[in-house]
>>> print(open('query.txt').read())   # compact mmCIF, C-alpha atoms
# COMPACT_ATOMS: atom_id res chain seq x y z
CA ARG Z 22 91.62 16.53 -61.82
CA PHE Z 23 89.39 19.37 -62.86
CA PHE Z 24 86.65 16.93 -63.77
CA TYR Z 25 86.87 14.76 -60.63
CA GLN Z 26 86.43 17.59 -58.14
CA PRO Z 27 83.01 18.65 -59.48
CA VAL Z 28 81.89 15.04 -59.41
CA LEU Z 29 82.87 14.75 -55.77
CA THR Z 30 81.01 17.93 -55.04
CA VAL Z 31 77.87 16.58 -56.69
CA ILE Z 32 78.23 13.31 -54.85
CA ALA Z 33 78.72 15.10 -51.56
CA ARG Z 34 75.72 17.29 -52.23
CA ARG Z 35 73.63 14.26 -53.10
CA ARG Z 36 74.88 12.43 -50.05
CA ALA Z 37 73.98 15.41 -47.88
CA GLY Z 38 70.53 15.50 -49.45
CA ILE Z 39 70.05 11.81 -48.86
CA GLU Z 40 71.23 12.12 -45.27
CA LYS Z 41 68.86 15.06 -44.77
CA THR Z 42 66.01 13.07 -46.28
CA LEU Z 43 66.88 10.13 -44.06
CA ALA Z 44 67.08 12.44 -41.07
CA ASP Z 45 63.78 14.02 -41.98
CA ALA Z 46 62.27 10.58 -42.48
CA LYS Z 47 63.60 9.47 -39.10
CA THR Z 48 62.19 12.60 -37.51
CA LEU Z 49 58.84 11.92 -39.13
CA HIS Z 50 59.06 8.33 -38.01
CA ASP Z 51 59.86 9.35 -34.46
CA ASP Z 52 57.05 11.90 -34.53
CA ALA Z 53 54.69 9.25 -35.89
CA GLU Z 54 55.68 6.81 -33.17
CA GLU Z 55 55.27 9.48 -30.50
CA LEU Z 56 51.89 10.43 -31.95
CA GLN Z 57 50.92 6.78 -32.07
CA ALA Z 58 52.01 6.32 -28.44
CA ARG Z 59 50.00 9.38 -27.44
CA TYR Z 60 47.04 8.01 -29.36
CA ARG Z 61 47.35 4.65 -27.62
CA ASP Z 62 47.55 6.41 -24.27
CA ARG Z 63 44.55 8.52 -25.16
CA LEU Z 64 42.60 5.45 -26.26
CA ALA Z 65 43.49 3.80 -22.97
CA ASP Z 66 42.32 6.90 -21.08
CA TRP Z 67 39.11 6.96 -23.10
CA GLU Z 68 38.53 3.30 -22.43
CA LYS Z 69 39.15 3.84 -18.72
CA GLU Z 70 36.82 6.86 -18.67
CA ARG Z 71 34.19 4.91 -20.60
CA GLN Z 72 34.49 1.99 -18.16
CA GLN Z 73 34.19 4.34 -15.20
CA ALA Z 74 31.19 6.04 -16.79
CA ARG Z 75 29.59 2.64 -17.43
CA GLU Z 76 30.22 1.55 -13.85
CA ARG Z 77 28.86 4.85 -12.53
CA LEU Z 78 25.74 4.50 -14.69
CA GLU Z 79 25.27 0.91 -13.54
CA ARG Z 80 25.56 2.00 -9.91
CA GLU Z 81 23.04 4.79 -10.45
CA ILE Z 82 20.66 2.39 -12.18
CA GLU Z 83 21.05 -0.13 -9.36
CA GLU Z 84 20.51 2.54 -6.71
CA GLU Z 85 17.42 3.77 -8.57
CA ARG Z 86 16.13 0.22 -8.85
CA ILE Z 87 16.68 -0.42 -5.14
CA GLN Z 88 15.00 2.85 -4.23
CA SER Z 89 12.05 2.12 -6.53
CA LEU Z 90 11.68 -1.35 -5.05
CA ALA Z 91 11.82 0.09 -1.53
CA GLU Z 92 9.16 2.69 -2.37
CA LEU Z 93 7.02 0.02 -4.00
CA GLN Z 94 7.40 -2.26 -0.97
CA SER Z 95 6.55 0.63 1.35
CA GLU Z 96 3.45 1.45 -0.69
CA LEU Z 97 2.42 -2.20 -0.70
CA ASP Z 98 2.89 -2.32 3.08
CA ARG Z 99 0.75 0.80 3.49
CA GLN Z 100 -1.96 -0.63 1.26
CA ARG Z 101 -1.90 -3.93 3.13
CA GLU Z 102 -2.12 -2.09 6.46
CA LYS Z 103 -5.02 0.02 5.19
CA ALA Z 104 -6.76 -3.11 3.95
CA ARG Z 105 -6.11 -4.83 7.29
CA VAL Z 106 -7.47 -1.87 9.26
CA ALA Z 107 -10.50 -1.60 6.97
CA ASP Z 108 -11.13 -5.32 7.25
CA ALA Z 109 -10.73 -5.20 11.04
CA ARG Z 110 -13.13 -2.25 11.17
CA ARG Z 111 -15.67 -4.10 9.01
CA GLN Z 112 -15.36 -7.17 11.20
CA ALA Z 113 -15.69 -5.04 14.34
CA ASP Z 114 -18.76 -3.28 12.91
CA ALA Z 115 -20.28 -6.60 11.90
CA THR Z 116 -19.54 -8.04 15.34
CA GLN Z 117 -20.96 -4.95 17.03
CA LYS Z 118 -24.14 -5.12 14.93
CA ALA Z 119 -24.49 -8.82 15.64
CA GLU Z 120 -23.94 -8.27 19.37
CA GLN Z 121 -26.38 -5.37 19.43
CA ALA Z 122 -28.94 -7.41 17.51
CA ALA Z 123 -28.44 -10.24 20.01
CA VAL Z 124 -28.85 -7.84 22.94
CA ASN Z 125 -31.97 -6.32 21.38
CA GLN Z 126 -33.37 -9.74 20.66
CA ALA Z 127 -32.63 -10.83 24.21
CA ALA Z 128 -34.28 -7.67 25.53
CA ARG Z 129 -37.36 -8.27 23.39
CA PHE Z 130 -37.49 -11.88 24.51
CA ALA Z 131 -37.11 -10.83 28.13
CA SER Z 132 -39.81 -8.21 27.64
CA ARG Z 133 -42.22 -10.78 26.24
CA LEU Z 134 -41.34 -13.26 28.96
CA LEU Z 135 -41.65 -10.72 31.76
CA GLY Z 136 -44.75 -9.28 30.14
CA GLN Z 137 -46.36 -12.69 30.45
CA THR Z 138 -45.30 -13.10 34.07
CA ALA Z 139 -45.73 -9.46 35.18
CA GLY Z 140 -48.76 -8.69 37.28
CA PRO Z 141 -50.03 -6.61 40.17
CA GLU Z 142 -48.16 -8.84 42.62
CA LEU Z 143 -44.77 -8.06 41.02
CA GLU Z 144 -45.67 -4.40 40.78
CA ALA Z 145 -46.57 -4.35 44.48
CA LYS Z 146 -43.13 -5.74 45.31
CA LEU Z 147 -41.42 -3.11 43.13
CA LEU Z 148 -43.46 -0.37 44.77
CA GLU Z 149 -42.49 -1.64 48.21
CA MET Z 150 -38.86 -1.59 47.10
CA VAL Z 151 -39.23 2.08 46.13
CA ILE Z 152 -40.90 2.94 49.43
CA ASP Z 153 -38.14 1.15 51.37
CA GLU Z 154 -35.33 2.83 49.40
CA LEU Z 155 -36.63 6.41 49.65
CA PRO Z 156 -35.42 6.89 53.25
CA GLN Z 157 -32.03 5.49 52.25
CA LEU Z 158 -31.33 8.22 49.68
CA SER Z 159 -28.17 10.21 50.33
CA ALA Z 160 -28.29 13.78 51.57
CA GLU Z 161 -27.10 14.96 48.16
CA GLN Z 162 -29.87 13.04 46.40
CA ILE Z 163 -32.50 14.39 48.78
CA GLY Z 164 -31.15 17.92 48.25
CA THR Z 165 -31.38 17.49 44.47
CA LEU Z 166 -34.92 16.16 44.85
CA ARG Z 167 -35.99 19.12 47.02
CA ASN Z 168 -34.46 21.59 44.57
CA SER Z 169 -36.41 19.95 41.75
CA TRP Z 170 -39.61 20.39 43.76
CA ASP Z 171 -38.76 23.99 44.61
CA GLN Z 172 -38.28 24.84 40.94
CA THR Z 173 -41.65 23.53 39.75
CA SER Z 174 -45.28 23.74 40.79
CA GLU Z 175 -46.33 20.74 38.73
CA PRO Z 176 -47.52 17.60 40.49
CA ILE Z 177 -45.36 14.52 40.75
CA ILE Z 178 -46.27 12.08 37.98
CA VAL Z 179 -46.43 8.47 39.10
CA ALA Z 180 -46.81 6.04 36.20
CA SER Z 181 -47.43 2.35 36.86
CA GLY Z 182 -47.90 -0.72 34.74
CA PHE Z 183 -51.05 -1.64 36.65
CA PRO Z 184 -53.44 0.64 38.53
CA LEU Z 185 -52.31 1.33 42.10
CA SER Z 186 -54.74 0.84 44.94
CA ASP Z 187 -55.68 3.72 47.21
CA GLY Z 188 -53.55 2.22 49.95
CA GLN Z 189 -50.51 1.95 47.71
CA ARG Z 190 -50.95 5.55 46.56
CA GLN Z 191 -51.26 6.77 50.15
CA ARG Z 192 -48.17 4.85 51.31
CA LEU Z 193 -46.09 6.23 48.40
CA HIS Z 194 -47.34 9.77 49.10
CA GLU Z 195 -46.39 9.51 52.77
CA ALA Z 196 -42.96 8.05 51.93
CA LEU Z 197 -42.15 10.91 49.53
CA ARG Z 198 -43.35 13.52 52.06
CA ALA Z 199 -41.34 11.92 54.89
CA THR Z 200 -38.19 11.73 52.79
CA THR Z 201 -38.24 15.26 51.39
CA GLY Z 202 -40.30 17.25 53.84
CA LYS Z 203 -42.45 18.46 50.95
CA ASP Z 204 -46.12 17.80 50.29
CA LEU Z 205 -46.74 18.10 46.57
CA PRO Z 206 -49.73 16.50 44.89
CA LEU Z 207 -49.25 13.22 43.06
CA HIS Z 208 -50.73 12.52 39.65
CA PHE Z 209 -51.21 8.81 39.01
CA GLU Z 210 -51.47 7.31 35.54
CA GLN Z 211 -51.24 3.87 34.01
CA ASP Z 212 -48.59 3.01 31.37
CA ALA Z 213 -48.82 -0.59 30.20
CA GLU Z 214 -45.41 -0.32 28.47
CA LEU Z 215 -43.78 -0.31 31.90
CA LEU Z 216 -44.92 -3.97 32.17
CA ALA Z 217 -44.86 -3.76 35.97
CA GLY Z 218 -43.56 -1.27 38.50
CA VAL Z 219 -43.54 2.52 38.77
CA ARG Z 220 -41.78 5.52 37.28
CA ILE Z 221 -41.85 8.69 39.38
CA THR Z 222 -41.16 11.92 37.48
CA LEU Z 223 -40.71 15.46 38.78
CA GLY Z 224 -39.22 17.76 36.16
CA ALA Z 225 -35.81 16.33 35.25
CA TRP Z 226 -35.78 14.01 38.28
CA ILE Z 227 -36.88 10.42 37.59
CA LEU Z 228 -37.01 7.43 39.92
CA SER Z 229 -37.55 4.17 38.03
CA ALA Z 230 -38.47 0.81 39.44
CA ASN Z 231 -40.16 -0.95 36.54
CA LEU Z 232 -39.37 -3.76 34.13
CA GLN Z 233 -39.23 -1.62 30.97
CA ASP Z 234 -36.59 0.78 32.30
CA GLU Z 235 -34.60 -2.07 33.80
CA LEU Z 236 -34.55 -3.90 30.47
CA ARG Z 237 -33.53 -0.72 28.66
CA SER Z 238 -30.78 -0.05 31.19
CA PHE Z 239 -29.55 -3.61 30.79
CA ALA Z 240 -29.38 -3.25 27.00
CA GLU Z 241 -27.57 0.10 27.25
CA LEU Z 242 -25.15 -1.21 29.88
CA GLU Z 243 -24.38 -4.25 27.73
CA HIS Z 244 -23.84 -2.03 24.68
CA ASN Z 245 -21.62 0.48 26.48
CA GLY Z 246 -19.67 -2.27 28.25
CA ARG Z 247 -18.58 -3.67 24.90
CA HIS Z 248 -17.17 -0.29 23.81
CA ILE Z 249 -15.06 0.62 26.81
>>> encode(input="query.txt", output="structure tokens")
Amino acid sequence: RFFYQPVLTVIARRRAGIEKTLADAKTLHDDAEELQARYRDRLADWEKERQQARERLEREIEEERIQSLAELQSELDRQREKARVADARRQADATQKAEQAAVNQAARFASRLLGQTAGPELEAKLLEMVIDELPQLSAEQIGTLRNSWDQTSEPIIVASGFPLSDGQRQRLHEALRATTGKDLPLHFEQDAELLAGVRITLGAWILSANLQDELRSFAELEHNGRHI
């Protein structure tokens, strides 16, 4: 009896130790499982965060790509438009030069042609046209003409392609005096470049009725008409 009781005590103590060890082991096991569950959850969160970060990066890359393509397309459009405008300007300049060359050539041809046909007879007709048109000047034109005469003491210069006869000079003198009420001297000179006709000059006032000025006016009118 005295021997059995100590043995029971030892057995109970050992049993308690084993139970404590088992309990501690279970606690550790439970803690390990909880830690493992937390780790799995954390891995899942990390994977989700990584997936979201990847998707966000892909969206940013796609947006950047789209923006870069749009900027590139816009720049290409601007360059194409600049090239189109430059090409259109070059074509317009080339067309303008060709048209002007054609007009100049036509004027030169007309000058040669009229120069061959011009003569005192044509000049006489142009002079008669001037004499007939002087009385038909407007009051404003006559006023401007009188002011020009009042502001200068120089004679009126009458240039003609062919020499004017004394009768033609007298008729022109009388027509100018009758139109303006002034009697200024006329200075007559010959200018073969006029081809035929007259150019009457008093200061800044000029009355032209000759082939050269008409051809020049035609060329200028044609040139300006194409740039309206």
>>> residues_around(input="query.txt", residues="Ala230 in chain Z", least_positions_apart="4", cutoff="12 Å", atoms="all atoms listed in the file", output="PyMOL selection string")
chain Z and resi 143-155+179-182+215-222+234-238
>>> atom_distance(input="query.txt", atom1="CA of Thr201 in chain Z", atom2="CA of Pro176 in chain Z")
14.5 Å
>>> atom_distance(input="query.txt", atom1="CA of Asn168 in chain Z", atom2="CA of Pro206 in chain Z")
16.1 Å
>>> atom_distance(input="query.txt", atom1="CA of Asp212 in chain Z", atom2="CA of Ile227 in chain Z")
15.2 Å
>>> build_atoms(input="query.txt", residues="range 31-51 of chain Z", atoms="N, CA, C and O atoms", output="tab-separated table (two decimals), in the frame of the given file")
chain	number	residue	atom	x	y	z
Z	31	VAL	N	79.26	17.01	-56.41
Z	31	VAL	CA	77.87	16.58	-56.69
Z	31	VAL	C	77.51	15.39	-55.80
Z	31	VAL	O	76.43	15.30	-55.21
Z	32	ILE	N	78.49	14.49	-55.69
Z	32	ILE	CA	78.23	13.31	-54.85
Z	32	ILE	C	78.03	13.71	-53.41
Z	32	ILE	O	77.14	13.21	-52.71
Z	33	ALA	N	78.86	14.65	-52.95
Z	33	ALA	CA	78.72	15.10	-51.56
Z	33	ALA	C	77.37	15.78	-51.36
Z	33	ALA	O	76.71	15.60	-50.32
Z	34	ARG	N	77.00	16.59	-52.36
Z	34	ARG	CA	75.72	17.29	-52.23
Z	34	ARG	C	74.56	16.29	-52.21
Z	34	ARG	O	73.61	16.43	-51.44
Z	35	ARG	N	74.69	15.27	-53.08
Z	35	ARG	CA	73.63	14.26	-53.10
Z	35	ARG	C	73.61	13.46	-51.79
Z	35	ARG	O	72.55	13.12	-51.26
Z	36	ARG	N	74.82	13.17	-51.31
Z	36	ARG	CA	74.88	12.43	-50.05
Z	36	ARG	C	74.24	13.26	-48.93
Z	36	ARG	O	73.50	12.71	-48.09
Z	37	ALA	N	74.56	14.55	-48.92
Z	37	ALA	CA	73.98	15.41	-47.88
Z	37	ALA	C	72.47	15.45	-48.01
Z	37	ALA	O	71.74	15.43	-47.01
Z	38	GLY	N	72.00	15.49	-49.26
Z	38	GLY	CA	70.53	15.50	-49.45
Z	38	GLY	C	69.90	14.20	-48.97
Z	38	GLY	O	68.82	14.19	-48.37
Z	39	ILE	N	70.58	13.11	-49.30
Z	39	ILE	CA	70.05	11.81	-48.86
Z	39	ILE	C	70.04	11.72	-47.35
Z	39	ILE	O	69.05	11.26	-46.71
Z	40	GLU	N	71.14	12.16	-46.72
Z	40	GLU	CA	71.23	12.12	-45.27
Z	40	GLU	C	70.14	13.00	-44.63
Z	40	GLU	O	69.52	12.62	-43.63
Z	41	LYS	N	69.91	14.17	-45.30
Z	41	LYS	CA	68.86	15.06	-44.77
Z	41	LYS	C	67.48	14.40	-44.92
Z	41	LYS	O	66.64	14.46	-44.02
Z	42	THR	N	67.29	13.76	-46.05
Z	42	THR	CA	66.01	13.07	-46.28
Z	42	THR	C	65.83	11.95	-45.27
Z	42	THR	O	64.74	11.77	-44.70
Z	43	LEU	N	66.96	11.20	-45.06
Z	43	LEU	CA	66.88	10.13	-44.06
Z	43	LEU	C	66.62	10.69	-42.67
Z	43	LEU	O	65.84	10.13	-41.88
Z	44	ALA	N	67.29	11.83	-42.38
Z	44	ALA	CA	67.08	12.44	-41.07
Z	44	ALA	C	65.64	12.92	-40.92
Z	44	ALA	O	65.00	12.75	-39.87
Z	45	ASP	N	65.19	13.55	-42.04
Z	45	ASP	CA	63.78	14.02	-41.98
Z	45	ASP	C	62.82	12.84	-41.84
Z	45	ASP	O	61.82	12.90	-41.09
Z	46	ALA	N	63.13	11.77	-42.56
Z	46	ALA	CA	62.27	10.58	-42.48
Z	46	ALA	C	62.29	10.00	-41.07
Z	46	ALA	O	61.26	9.56	-40.53
Z	47	LYS	N	63.50	9.98	-40.46
Z	47	LYS	CA	63.60	9.47	-39.10
Z	47	LYS	C	62.80	10.34	-38.14
Z	47	LYS	O	62.15	9.86	-37.21
Z	48	THR	N	62.94	11.68	-38.38
Z	48	THR	CA	62.19	12.60	-37.51
Z	48	THR	C	60.69	12.36	-37.64
Z	48	THR	O	59.95	12.31	-36.64
Z	49	LEU	N	60.27	12.20	-38.91
Z	49	LEU	CA	58.84	11.92	-39.13
Z	49	LEU	C	58.44	10.59	-38.49
Z	49	LEU	O	57.36	10.47	-37.92
Z	50	HIS	N	59.35	9.63	-38.61
Z	50	HIS	CA	59.06	8.33	-38.01
Z	50	HIS	C	58.94	8.43	-36.49
Z	50	HIS	O	58.02	7.87	-35.88
Z	51	ASP	N	59.91	9.17	-35.91
Z	51	ASP	CA	59.86	9.35	-34.46
Z	51	ASP	C	58.60	10.09	-34.05
Z	51	ASP	O	57.95	9.74	-33.05
